[in-house]
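Below is run.cif, holding mmCIF, N, CA and C atoms.
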```cif
data_run
#
loop_
_atom_site.label_atom_id
_atom_site.label_comp_id
_atom_site.auth_asym_id
_atom_site.auth_seq_id
_atom_site.Cartn_x
_atom_site.Cartn_y
_atom_site.Cartn_z
N MET W 1 -55.91 -128.44 138.33
CA MET W 1 -56.97 -128.35 139.30
C MET W 1 -56.71 -129.27 140.49
N LYS W 2 -56.18 -130.48 140.23
CA LYS W 2 -55.89 -131.41 141.31
C LYS W 2 -54.83 -130.85 142.24
N LYS W 3 -53.80 -130.15 141.66
CA LYS W 3 -52.76 -129.56 142.48
C LYS W 3 -53.34 -128.50 143.40
N LEU W 4 -54.23 -127.67 142.88
CA LEU W 4 -54.85 -126.61 143.67
C LEU W 4 -55.69 -127.19 144.80
N LYS W 5 -56.47 -128.22 144.49
CA LYS W 5 -57.31 -128.86 145.50
C LYS W 5 -56.46 -129.49 146.59
N ALA W 6 -55.38 -130.17 146.22
CA ALA W 6 -54.48 -130.79 147.20
C ALA W 6 -53.81 -129.72 148.06
N SER W 7 -53.45 -128.60 147.46
CA SER W 7 -52.82 -127.51 148.19
C SER W 7 -53.79 -126.90 149.20
N VAL W 8 -55.02 -126.71 148.80
CA VAL W 8 -56.05 -126.16 149.70
C VAL W 8 -56.28 -127.11 150.87
N LEU W 9 -56.36 -128.42 150.60
CA LEU W 9 -56.56 -129.40 151.66
C LEU W 9 -55.37 -129.41 152.63
N ALA W 10 -54.16 -129.36 152.11
CA ALA W 10 -52.97 -129.36 152.96
C ALA W 10 -52.93 -128.11 153.82
N THR W 11 -53.27 -126.95 153.25
CA THR W 11 -53.30 -125.70 154.01
C THR W 11 -54.35 -125.75 155.10
N ALA W 12 -55.51 -126.27 154.81
CA ALA W 12 -56.58 -126.39 155.80
C ALA W 12 -56.18 -127.33 156.93
N ALA W 13 -55.53 -128.43 156.59
CA ALA W 13 -55.09 -129.38 157.62
C ALA W 13 -54.03 -128.76 158.51
N ALA W 14 -53.09 -128.03 157.92
CA ALA W 14 -52.04 -127.36 158.70
C ALA W 14 -52.65 -126.31 159.61
N ALA W 15 -53.61 -125.54 159.12
CA ALA W 15 -54.25 -124.51 159.94
C ALA W 15 -55.01 -125.14 161.10
N THR W 16 -55.65 -126.26 160.86
CA THR W 16 -56.37 -126.95 161.93
C THR W 16 -55.40 -127.43 163.00
N MET W 17 -54.26 -128.00 162.58
CA MET W 17 -53.28 -128.48 163.55
C MET W 17 -52.69 -127.33 164.35
N LEU W 18 -52.37 -126.21 163.70
CA LEU W 18 -51.83 -125.05 164.40
C LEU W 18 -52.85 -124.47 165.36
N GLY W 19 -54.10 -124.42 164.94
CA GLY W 19 -55.15 -123.91 165.82
C GLY W 19 -55.29 -124.76 167.06
N THR W 20 -55.16 -126.06 166.92
CA THR W 20 -55.25 -126.96 168.06
C THR W 20 -54.09 -126.74 169.01
N LEU W 21 -52.89 -126.58 168.48
CA LEU W 21 -51.73 -126.36 169.32
C LEU W 21 -51.77 -125.00 170.00
N ALA W 22 -52.28 -123.99 169.34
CA ALA W 22 -52.27 -122.64 169.87
C ALA W 22 -53.22 -122.45 171.06
N VAL W 23 -54.25 -123.26 171.18
CA VAL W 23 -55.21 -123.09 172.26
C VAL W 23 -54.90 -123.93 173.49
N ALA W 24 -53.76 -124.55 173.53
CA ALA W 24 -53.42 -125.35 174.70
C ALA W 24 -53.35 -124.44 175.93
N ALA W 25 -54.05 -124.78 176.98
CA ALA W 25 -54.12 -123.97 178.20
C ALA W 25 -53.47 -124.72 179.35
N PRO W 26 -53.12 -123.99 180.41
CA PRO W 26 -52.59 -124.68 181.59
C PRO W 26 -53.60 -125.72 182.08
N ALA W 27 -53.12 -126.85 182.51
CA ALA W 27 -54.00 -127.93 182.94
C ALA W 27 -54.58 -127.62 184.31
N GLU W 28 -55.88 -127.54 184.39
CA GLU W 28 -56.60 -127.43 185.66
C GLU W 28 -57.58 -128.58 185.69
N ALA W 29 -57.33 -129.53 186.55
CA ALA W 29 -58.20 -130.69 186.67
C ALA W 29 -59.51 -130.28 187.33
N ALA W 30 -60.51 -131.12 187.19
CA ALA W 30 -61.77 -130.88 187.89
C ALA W 30 -61.49 -130.85 189.39
N GLY W 31 -62.07 -129.89 190.08
CA GLY W 31 -61.86 -129.80 191.52
C GLY W 31 -60.56 -129.14 191.92
N MET W 32 -59.95 -128.36 191.01
CA MET W 32 -58.66 -127.74 191.30
C MET W 32 -58.59 -126.36 190.65
N ARG W 33 -57.92 -125.44 191.33
CA ARG W 33 -57.62 -124.12 190.76
C ARG W 33 -56.14 -123.86 190.97
N ALA W 34 -55.53 -123.19 190.00
CA ALA W 34 -54.09 -122.90 190.06
C ALA W 34 -53.85 -121.40 189.98
N VAL W 35 -52.83 -120.94 190.71
CA VAL W 35 -52.30 -119.59 190.58
C VAL W 35 -50.84 -119.80 190.20
N THR W 36 -50.49 -119.45 188.97
CA THR W 36 -49.15 -119.76 188.48
C THR W 36 -48.24 -118.53 188.52
N GLY W 37 -46.96 -118.78 188.40
CA GLY W 37 -45.97 -117.72 188.41
C GLY W 37 -45.23 -117.68 189.73
N ARG W 38 -44.35 -116.69 189.84
CA ARG W 38 -43.51 -116.57 191.03
C ARG W 38 -43.96 -115.38 191.86
N ILE W 39 -43.86 -115.52 193.18
CA ILE W 39 -44.19 -114.44 194.10
C ILE W 39 -43.06 -114.30 195.11
N ALA W 40 -42.69 -113.08 195.45
CA ALA W 40 -41.65 -112.83 196.44
C ALA W 40 -42.17 -111.76 197.41
N CYS W 41 -42.11 -112.05 198.69
CA CYS W 41 -42.58 -111.15 199.73
C CYS W 41 -41.38 -110.81 200.62
N THR W 42 -40.81 -109.65 200.44
CA THR W 42 -39.58 -109.33 201.15
C THR W 42 -39.67 -108.07 202.01
N ALA W 43 -40.77 -107.33 201.95
CA ALA W 43 -40.91 -106.12 202.75
C ALA W 43 -41.54 -106.46 204.10
N TYR W 44 -40.80 -106.24 205.18
CA TYR W 44 -41.30 -106.53 206.53
C TYR W 44 -42.53 -105.69 206.79
N PRO W 45 -43.62 -106.19 207.34
CA PRO W 45 -43.82 -107.52 207.92
C PRO W 45 -44.41 -108.53 206.95
N ASN W 46 -44.54 -108.18 205.67
CA ASN W 46 -45.14 -109.08 204.69
C ASN W 46 -44.12 -110.08 204.17
N ILE W 47 -43.72 -111.03 205.03
CA ILE W 47 -42.68 -111.96 204.64
C ILE W 47 -43.13 -113.41 204.60
N THR W 48 -44.42 -113.64 204.56
CA THR W 48 -44.94 -115.00 204.40
C THR W 48 -45.89 -115.01 203.21
N ILE W 49 -46.19 -116.21 202.71
CA ILE W 49 -47.12 -116.36 201.59
C ILE W 49 -48.47 -116.80 202.16
N GLY W 50 -49.47 -115.98 201.96
CA GLY W 50 -50.82 -116.33 202.36
C GLY W 50 -51.55 -116.96 201.18
N THR W 51 -52.38 -117.94 201.46
CA THR W 51 -53.17 -118.60 200.41
C THR W 51 -54.60 -118.74 200.90
N SER W 52 -55.53 -118.66 199.97
CA SER W 52 -56.93 -118.86 200.33
C SER W 52 -57.68 -119.43 199.14
N ALA W 53 -58.81 -120.06 199.44
CA ALA W 53 -59.66 -120.64 198.40
C ALA W 53 -61.06 -120.84 198.94
N VAL W 54 -62.01 -120.86 198.04
CA VAL W 54 -63.37 -121.26 198.36
C VAL W 54 -63.53 -122.65 197.76
N ALA W 55 -63.76 -123.64 198.63
CA ALA W 55 -63.76 -125.03 198.17
C ALA W 55 -64.68 -125.89 199.02
N LYS W 56 -64.99 -127.07 198.46
CA LYS W 56 -65.72 -128.09 199.22
C LYS W 56 -65.10 -129.43 198.93
N GLY W 57 -65.41 -130.42 199.76
CA GLY W 57 -64.79 -131.73 199.67
C GLY W 57 -63.62 -131.77 200.63
N THR W 58 -62.67 -132.65 200.38
CA THR W 58 -61.44 -132.70 201.17
C THR W 58 -60.48 -131.68 200.56
N VAL W 59 -60.15 -130.67 201.33
CA VAL W 59 -59.41 -129.52 200.80
C VAL W 59 -57.91 -129.65 201.09
N GLN W 60 -57.10 -129.47 200.05
CA GLN W 60 -55.65 -129.47 200.18
C GLN W 60 -55.09 -128.27 199.45
N PHE W 61 -54.03 -127.68 200.01
CA PHE W 61 -53.29 -126.60 199.36
C PHE W 61 -51.89 -127.12 199.07
N GLN W 62 -51.36 -126.74 197.92
CA GLN W 62 -49.98 -127.10 197.55
C GLN W 62 -49.28 -125.85 197.07
N LEU W 63 -48.15 -125.52 197.68
CA LEU W 63 -47.34 -124.37 197.28
C LEU W 63 -45.96 -124.87 196.86
N ASN W 64 -45.57 -124.53 195.64
CA ASN W 64 -44.27 -124.97 195.11
C ASN W 64 -43.18 -123.96 195.47
N ASN W 65 -41.92 -124.44 195.44
CA ASN W 65 -40.80 -123.52 195.62
C ASN W 65 -40.71 -122.64 194.36
N PRO W 66 -39.90 -121.57 194.37
CA PRO W 66 -39.86 -120.65 193.22
C PRO W 66 -39.53 -121.31 191.88
N GLN W 67 -38.76 -122.38 191.90
CA GLN W 67 -38.41 -123.08 190.65
C GLN W 67 -39.43 -124.16 190.28
N ASN W 68 -40.46 -124.34 191.10
CA ASN W 68 -41.50 -125.36 190.89
C ASN W 68 -40.91 -126.77 190.81
N THR W 69 -39.86 -127.02 191.60
CA THR W 69 -39.25 -128.36 191.62
C THR W 69 -39.60 -129.13 192.89
N ARG W 70 -40.02 -128.44 193.95
CA ARG W 70 -40.45 -129.08 195.20
C ARG W 70 -41.73 -128.40 195.66
N SER W 71 -42.49 -129.11 196.49
CA SER W 71 -43.73 -128.51 196.97
C SER W 71 -43.96 -128.82 198.43
N ASN W 72 -44.82 -128.01 199.03
CA ASN W 72 -45.26 -128.20 200.41
C ASN W 72 -46.78 -128.33 200.34
N THR W 73 -47.31 -129.44 200.82
CA THR W 73 -48.75 -129.69 200.75
C THR W 73 -49.32 -129.79 202.15
N VAL W 74 -50.48 -129.17 202.34
CA VAL W 74 -51.15 -129.22 203.63
C VAL W 74 -52.61 -129.64 203.40
N SER W 75 -53.10 -130.56 204.22
CA SER W 75 -54.50 -130.97 204.19
C SER W 75 -55.25 -130.15 205.23
N LEU W 76 -56.29 -129.46 204.79
CA LEU W 76 -57.00 -128.53 205.68
C LEU W 76 -58.25 -129.12 206.32
N GLY W 77 -58.87 -130.08 205.69
CA GLY W 77 -60.08 -130.66 206.27
C GLY W 77 -61.12 -130.96 205.22
N TYR W 78 -62.35 -131.17 205.70
CA TYR W 78 -63.46 -131.54 204.82
C TYR W 78 -64.66 -130.64 205.09
N SER W 79 -65.36 -130.29 204.01
CA SER W 79 -66.61 -129.56 204.12
C SER W 79 -67.54 -130.01 203.00
N ALA W 80 -68.80 -130.31 203.35
CA ALA W 80 -69.79 -130.72 202.35
C ALA W 80 -70.28 -129.53 201.53
N ALA W 81 -70.17 -128.33 202.08
CA ALA W 81 -70.61 -127.11 201.39
C ALA W 81 -69.40 -126.23 201.10
N TYR W 82 -69.56 -125.30 200.17
CA TYR W 82 -68.46 -124.37 199.88
C TYR W 82 -68.13 -123.55 201.12
N THR W 83 -66.84 -123.50 201.44
CA THR W 83 -66.34 -122.80 202.63
C THR W 83 -65.07 -122.06 202.24
N SER W 84 -64.80 -120.95 202.91
CA SER W 84 -63.54 -120.23 202.72
C SER W 84 -62.45 -120.89 203.55
N TRP W 85 -61.32 -121.17 202.93
CA TRP W 85 -60.18 -121.82 203.58
C TRP W 85 -58.97 -120.91 203.43
N GLY W 86 -58.07 -120.96 204.39
CA GLY W 86 -56.85 -120.17 204.29
C GLY W 86 -55.70 -120.84 205.01
N TRP W 87 -54.48 -120.56 204.53
CA TRP W 87 -53.28 -121.11 205.14
C TRP W 87 -52.12 -120.16 204.89
N LYS W 88 -51.29 -119.99 205.91
CA LYS W 88 -50.09 -119.16 205.79
C LYS W 88 -48.88 -120.07 205.71
N PHE W 89 -48.15 -119.99 204.60
CA PHE W 89 -46.92 -120.76 204.42
C PHE W 89 -45.74 -119.93 204.90
N TRP W 90 -44.89 -120.50 205.73
CA TRP W 90 -43.76 -119.78 206.32
C TRP W 90 -42.57 -119.75 205.36
N THR W 91 -42.75 -119.04 204.28
CA THR W 91 -41.70 -118.82 203.29
C THR W 91 -41.96 -117.46 202.66
N ASN W 92 -40.93 -116.83 202.13
CA ASN W 92 -41.14 -115.51 201.55
C ASN W 92 -41.07 -115.53 200.02
N GLU W 93 -40.79 -116.68 199.42
CA GLU W 93 -40.80 -116.82 197.97
C GLU W 93 -41.48 -118.12 197.60
N ALA W 94 -42.20 -118.11 196.47
CA ALA W 94 -42.89 -119.32 196.06
C ALA W 94 -43.16 -119.29 194.57
N GLY W 95 -43.45 -120.47 194.05
CA GLY W 95 -43.86 -120.64 192.67
C GLY W 95 -45.36 -120.86 192.60
N ASN W 96 -45.78 -121.83 191.84
CA ASN W 96 -47.21 -122.09 191.62
C ASN W 96 -47.92 -122.52 192.90
N PHE W 97 -49.19 -122.14 192.99
CA PHE W 97 -50.06 -122.52 194.10
C PHE W 97 -51.26 -123.28 193.53
N TYR W 98 -51.60 -124.39 194.17
CA TYR W 98 -52.75 -125.20 193.74
C TYR W 98 -53.67 -125.42 194.93
N ALA W 99 -54.95 -125.22 194.71
CA ALA W 99 -55.97 -125.52 195.71
C ALA W 99 -56.81 -126.67 195.16
N TYR W 100 -57.00 -127.70 195.97
CA TYR W 100 -57.74 -128.90 195.55
C TYR W 100 -58.97 -129.11 196.42
N GLY W 101 -60.07 -129.44 195.78
CA GLY W 101 -61.27 -129.93 196.44
C GLY W 101 -61.45 -131.37 196.00
N LEU W 102 -61.03 -132.31 196.82
CA LEU W 102 -60.99 -133.72 196.42
C LEU W 102 -62.24 -134.47 196.88
N GLY W 103 -62.48 -135.59 196.25
CA GLY W 103 -63.62 -136.43 196.60
C GLY W 103 -64.72 -136.31 195.56
N ALA W 104 -65.77 -137.10 195.76
CA ALA W 104 -66.87 -137.16 194.79
C ALA W 104 -67.53 -135.80 194.58
N ASN W 105 -67.69 -135.01 195.64
CA ASN W 105 -68.34 -133.71 195.49
C ASN W 105 -67.34 -132.55 195.60
N GLY W 106 -66.04 -132.84 195.53
CA GLY W 106 -65.02 -131.81 195.70
C GLY W 106 -64.97 -130.83 194.54
N ASN W 107 -64.72 -129.57 194.87
CA ASN W 107 -64.58 -128.53 193.85
C ASN W 107 -63.96 -127.29 194.48
N VAL W 108 -63.37 -126.45 193.65
CA VAL W 108 -62.80 -125.18 194.08
C VAL W 108 -63.33 -124.10 193.15
N THR W 109 -63.88 -123.02 193.69
CA THR W 109 -64.41 -121.95 192.85
C THR W 109 -63.44 -120.80 192.68
N SER W 110 -62.52 -120.60 193.65
CA SER W 110 -61.53 -119.53 193.51
C SER W 110 -60.32 -119.85 194.37
N ALA W 111 -59.18 -119.28 193.97
CA ALA W 111 -57.94 -119.47 194.72
C ALA W 111 -57.10 -118.21 194.61
N LYS W 112 -56.42 -117.85 195.70
CA LYS W 112 -55.57 -116.65 195.72
C LYS W 112 -54.27 -116.96 196.45
N ARG W 113 -53.22 -116.23 196.06
CA ARG W 113 -51.92 -116.32 196.72
C ARG W 113 -51.42 -114.89 196.86
N TYR W 114 -50.89 -114.52 198.03
CA TYR W 114 -50.56 -113.13 198.27
C TYR W 114 -49.53 -113.02 199.39
N CYS W 115 -48.90 -111.86 199.51
CA CYS W 115 -47.98 -111.61 200.62
C CYS W 115 -48.82 -111.30 201.85
N GLN W 116 -48.39 -111.87 202.99
CA GLN W 116 -49.16 -111.71 204.22
C GLN W 116 -48.21 -111.43 205.38
N ALA W 117 -48.65 -110.57 206.28
CA ALA W 117 -47.84 -110.23 207.45
C ALA W 117 -47.73 -111.41 208.38
N ILE W 118 -46.63 -111.44 209.15
CA ILE W 118 -46.44 -112.51 210.12
C ILE W 118 -47.25 -112.29 211.32
#
```

Written form, structure tokens:
Amino acid sequence: MKKLKASVLATAAAATMLGTLAVAAPAEAAGMRAVTGRIACTAYPNITIGTSAVAKGTVQFQLNNPQNTRSNTVSLGYSAAYTSWGWKFWTNEAGNFYAYGLGANGNVTSAKRYCQAI
């Protein structure tokens, strides 16, 4: 009986640990939204990366290169209320995009990345 009880406890502990590992999600900090993956815009005239977000606070956009090893960050400004923000990055390929609403009241409700005409 002791062997069975120990086996049940070990199985339950292993299942709990696996369940914890399986639910790991991409990290999105408070006041930030991410669009992950790679995007390539090669059909003329859609050869730039457009980005947009609805955010408040001090708003910054960050667009990584396709390998996510370097980034280009732009500070767009400040708004006390939710406002639509947009920026066109002069590149035709990119990796992850991050929109930040920084500061005490900063937040981002949505973020998009898309091919945009020049």

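Between CA of Arg70 (chain W) and CA of Met32 (chain W) the separation is 18.7 Å.
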
I would like the residues chosen by the PyMOL selection byres ((chain W and resi 78) around 7) on the shown file; could you give them as a PDB file with N, CA and C atoms, in the frame of the given file?
```
ATOM      1  N   LYS W  56     -64.990-127.070 198.460  1.00  0.00           N
ATOM      2  CA  LYS W  56     -65.720-128.090 199.220  1.00  0.00           C
ATOM      3  C   LYS W  56     -65.100-129.430 198.930  1.00  0.00           C
ATOM      4  N   GLY W  57     -65.410-130.420 199.760  1.00  0.00           N
ATOM      5  CA  GLY W  57     -64.790-131.730 199.670  1.00  0.00           C
ATOM      6  C   GLY W  57     -63.620-131.770 200.630  1.00  0.00           C
ATOM      7  N   THR W  58     -62.670-132.650 200.380  1.00  0.00           N
ATOM      8  CA  THR W  58     -61.440-132.700 201.170  1.00  0.00           C
ATOM      9  C   THR W  58     -60.480-131.680 200.560  1.00  0.00           C
ATOM     10  N   VAL W  59     -60.150-130.670 201.330  1.00  0.00           N
ATOM     11  CA  VAL W  59     -59.410-129.520 200.800  1.00  0.00           C
ATOM     12  C   VAL W  59     -57.910-129.650 201.090  1.00  0.00           C
ATOM     13  N   LEU W  76     -56.290-129.460 204.790  1.00  0.00           N
ATOM     14  CA  LEU W  76     -57.000-128.530 205.680  1.00  0.00           C
ATOM     15  C   LEU W  76     -58.250-129.120 206.320  1.00  0.00           C
ATOM     16  N   GLY W  77     -58.870-130.080 205.690  1.00  0.00           N
ATOM     17  CA  GLY W  77     -60.080-130.660 206.270  1.00  0.00           C
ATOM     18  C   GLY W  77     -61.120-130.960 205.220  1.00  0.00           C
ATOM     19  N   SER W  79     -65.360-130.290 204.010  1.00  0.00           N
ATOM     20  CA  SER W  79     -66.610-129.560 204.120  1.00  0.00           C
ATOM     21  C   SER W  79     -67.540-130.010 203.000  1.00  0.00           C
ATOM     22  N   ALA W  80     -68.800-130.310 203.350  1.00  0.00           N
ATOM     23  CA  ALA W  80     -69.790-130.720 202.350  1.00  0.00           C
ATOM     24  C   ALA W  80     -70.280-129.530 201.530  1.00  0.00           C
ATOM     25  N   ALA W  81     -70.170-128.330 202.080  1.00  0.00           N
ATOM     26  CA  ALA W  81     -70.610-127.110 201.390  1.00  0.00           C
ATOM     27  C   ALA W  81     -69.400-126.230 201.100  1.00  0.00           C
TER      28      ALA W  81
END
```

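Each of W:Asn105, W:Ser75, W:Thr91, W:Asn64 was compared to Asn46 (chain W) using only C-alpha atoms, and W:Thr91 turns out to be the nearest.
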
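Note that the spacing between atom N of Thr48 (chain W) and CA of Ala117 (chain W) amounts to 5.6 Å.
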
Go ahead and fit an axis-aligned box to every listed atom of region 104-112 of chain W plus 3 Å each side, and pass me the centre and edge lengths in Å, one decimal, as JSON.
```
{"center_x": -61.3, "center_y": -126.9, "center_z": 194.6, "size_x": 20.1, "size_y": 26.5, "size_z": 9.8}
```

(message) For Gln116 (chain W), find every residue with an atom within 7 Å (counting only N, CA and C atoms), except residues of its own chain fewer than 3 positions away, and show them as an MDAnalysis selection string.
(response) chainID W and resid 41 45:50

Same residues, N, CA and C atoms, output as a PDB file, in the frame of the given file:
```pdb
ATOM      1  N   CYS W  41     -42.110-112.050 198.690  1.00  0.00           N
ATOM      2  CA  CYS W  41     -42.580-111.150 199.730  1.00  0.00           C
ATOM      3  C   CYS W  41     -41.380-110.810 200.620  1.00  0.00           C
ATOM      4  N   PRO W  45     -43.620-106.190 207.340  1.00  0.00           N
ATOM      5  CA  PRO W  45     -43.820-107.520 207.920  1.00  0.00           C
ATOM      6  C   PRO W  45     -44.410-108.530 206.950  1.00  0.00           C
ATOM      7  N   ASN W  46     -44.540-108.180 205.670  1.00  0.00           N
ATOM      8  CA  ASN W  46     -45.140-109.080 204.690  1.00  0.00           C
ATOM      9  C   ASN W  46     -44.120-110.080 204.170  1.00  0.00           C
ATOM     10  N   ILE W  47     -43.720-111.030 205.030  1.00  0.00           N
ATOM     11  CA  ILE W  47     -42.680-111.960 204.640  1.00  0.00           C
ATOM     12  C   ILE W  47     -43.130-113.410 204.600  1.00  0.00           C
ATOM     13  N   THR W  48     -44.420-113.640 204.560  1.00  0.00           N
ATOM     14  CA  THR W  48     -44.940-115.000 204.400  1.00  0.00           C
ATOM     15  C   THR W  48     -45.890-115.010 203.210  1.00  0.00           C
ATOM     16  N   ILE W  49     -46.190-116.210 202.710  1.00  0.00           N
ATOM     17  CA  ILE W  49     -47.120-116.360 201.590  1.00  0.00           C
ATOM     18  C   ILE W  49     -48.470-116.800 202.160  1.00  0.00           C
ATOM     19  N   GLY W  50     -49.470-115.980 201.960  1.00  0.00           N
ATOM     20  CA  GLY W  50     -50.820-116.330 202.360  1.00  0.00           C
ATOM     21  C   GLY W  50     -51.550-116.960 201.180  1.00  0.00           C
TER      22      GLY W  50
END
```

(request) For Lys112 (chain W), list every protein, DNA or RNA residue within 7 Å, evaluated using only C-alpha atoms, and leave out those in the same chain fewer than 3 positions away; present the list as a list of chain:residue names. (result) W:Val35, W:Thr51, W:Ser52, W:Ala53

(message) Translate the PyMOL selection byres (((chain W and resi 107 and name CA) around 6) and name CA) into a concrete residue list for this structure, as number ranges by chain.
(response) W: 31, 55-56, 101, 106, 108

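Here CA of Arg38 (chain W) is placed at a distance of 10.8 Å from CA of Asn92 (chain W).
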
(message) I want to know what sits within 7 Å of Ala34 (chain W), based on all atoms listed in the file, with residues of the same chain fewer than 6 positions away left out; could you give that as a list in words?
(response) Glu28, Asn96, Phe97, Tyr98, Ala99 and Ala111 of chain W

(message) Ranking W:Cys115, W:Ala43, W:Ser110, W:Gly95 by minimum distance to Asn68 (chain W) and counting only N, CA and C atoms, which one comes first?
(response) W:Gly95

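With distances restricted to only N, CA and C atoms, W:Val54 is the closest residue to Gly86 (chain W) from W:Thr109, W:Val54, W:Thr69, W:Gly103.
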
(message) Please determine, counting only N, CA and C atoms, which residue among W:Gly37, W:Trp87, W:Ala94, W:Tyr44 has the shortest atom-to-atom distance to Leu63 (chain W).
(response) W:Ala94

With all heavy atoms as the goal, would you fill in the gaps in region 37-44 of chain W and present it as a PDB file, keeping the file's coordinate frame?
```pdb
ATOM      1  N   GLY W  37     -46.960-118.780 188.400  1.00  0.00           N
ATOM      2  CA  GLY W  37     -45.970-117.720 188.410  1.00  0.00           C
ATOM      3  C   GLY W  37     -45.230-117.680 189.730  1.00  0.00           C
ATOM      4  O   GLY W  37     -45.448-118.499 190.611  1.00  0.00           O
ATOM      5  N   ARG W  38     -44.350-116.690 189.840  1.00  0.00           N
ATOM      6  CA  ARG W  38     -43.510-116.570 191.030  1.00  0.00           C
ATOM      7  C   ARG W  38     -43.960-115.380 191.860  1.00  0.00           C
ATOM      8  O   ARG W  38     -44.372-114.363 191.332  1.00  0.00           O
ATOM      9  CB  ARG W  38     -42.063-116.383 190.580  1.00  0.00           C
ATOM     10  CG  ARG W  38     -41.077-116.399 191.686  1.00  0.00           C
ATOM     11  CD  ARG W  38     -39.686-116.374 191.130  1.00  0.00           C
ATOM     12  NE  ARG W  38     -38.734-116.319 192.224  1.00  0.00           N
ATOM     13  CZ  ARG W  38     -37.474-116.574 192.108  1.00  0.00           C
ATOM     14  NH1 ARG W  38     -36.991-116.904 190.934  1.00  0.00           N
ATOM     15  NH2 ARG W  38     -36.663-116.498 193.136  1.00  0.00           N
ATOM     16  N   ILE W  39     -43.860-115.520 193.180  1.00  0.00           N
ATOM     17  CA  ILE W  39     -44.190-114.440 194.100  1.00  0.00           C
ATOM     18  C   ILE W  39     -43.060-114.300 195.110  1.00  0.00           C
ATOM     19  O   ILE W  39     -42.497-115.314 195.542  1.00  0.00           O
ATOM     20  CB  ILE W  39     -45.547-114.675 194.804  1.00  0.00           C
ATOM     21  CG1 ILE W  39     -45.947-113.467 195.646  1.00  0.00           C
ATOM     22  CG2 ILE W  39     -45.537-115.946 195.604  1.00  0.00           C
ATOM     23  CD1 ILE W  39     -47.368-113.542 196.206  1.00  0.00           C
ATOM     24  N   ALA W  40     -42.690-113.080 195.450  1.00  0.00           N
ATOM     25  CA  ALA W  40     -41.650-112.830 196.440  1.00  0.00           C
ATOM     26  C   ALA W  40     -42.170-111.760 197.410  1.00  0.00           C
ATOM     27  O   ALA W  40     -42.630-110.712 196.992  1.00  0.00           O
ATOM     28  CB  ALA W  40     -40.369-112.358 195.775  1.00  0.00           C
ATOM     29  N   CYS W  41     -42.110-112.050 198.690  1.00  0.00           N
ATOM     30  CA  CYS W  41     -42.580-111.150 199.730  1.00  0.00           C
ATOM     31  C   CYS W  41     -41.380-110.810 200.620  1.00  0.00           C
ATOM     32  O   CYS W  41     -40.981-111.619 201.454  1.00  0.00           O
ATOM     33  CB  CYS W  41     -43.672-111.816 200.553  1.00  0.00           C
ATOM     34  SG  CYS W  41     -45.054-112.401 199.556  1.00  0.00           S
ATOM     35  N   THR W  42     -40.810-109.650 200.440  1.00  0.00           N
ATOM     36  CA  THR W  42     -39.580-109.330 201.150  1.00  0.00           C
ATOM     37  C   THR W  42     -39.670-108.070 202.010  1.00  0.00           C
ATOM     38  O   THR W  42     -38.746-107.765 202.735  1.00  0.00           O
ATOM     39  CB  THR W  42     -38.417-109.156 200.160  1.00  0.00           C
ATOM     40  OG1 THR W  42     -38.781-108.158 199.202  1.00  0.00           O
ATOM     41  CG2 THR W  42     -38.118-110.465 199.448  1.00  0.00           C
ATOM     42  N   ALA W  43     -40.770-107.330 201.950  1.00  0.00           N
ATOM     43  CA  ALA W  43     -40.910-106.120 202.750  1.00  0.00           C
ATOM     44  C   ALA W  43     -41.540-106.460 204.100  1.00  0.00           C
ATOM     45  O   ALA W  43     -42.664-106.933 204.160  1.00  0.00           O
ATOM     46  CB  ALA W  43     -41.750-105.082 202.019  1.00  0.00           C
ATOM     47  N   TYR W  44     -40.800-106.240 205.180  1.00  0.00           N
ATOM     48  CA  TYR W  44     -41.300-106.530 206.530  1.00  0.00           C
ATOM     49  C   TYR W  44     -42.530-105.690 206.790  1.00  0.00           C
ATOM     50  O   TYR W  44     -42.536-104.522 206.449  1.00  0.00           O
ATOM     51  CB  TYR W  44     -40.222-106.242 207.569  1.00  0.00           C
ATOM     52  CG  TYR W  44     -40.666-106.604 208.966  1.00  0.00           C
ATOM     53  CD1 TYR W  44     -40.595-107.909 209.403  1.00  0.00           C
ATOM     54  CD2 TYR W  44     -41.190-105.640 209.809  1.00  0.00           C
ATOM     55  CE1 TYR W  44     -41.023-108.257 210.668  1.00  0.00           C
ATOM     56  CE2 TYR W  44     -41.623-105.982 211.078  1.00  0.00           C
ATOM     57  CZ  TYR W  44     -41.536-107.276 211.495  1.00  0.00           C
ATOM     58  OH  TYR W  44     -41.973-107.629 212.744  1.00  0.00           O
TER      59      TYR W  44
END
```
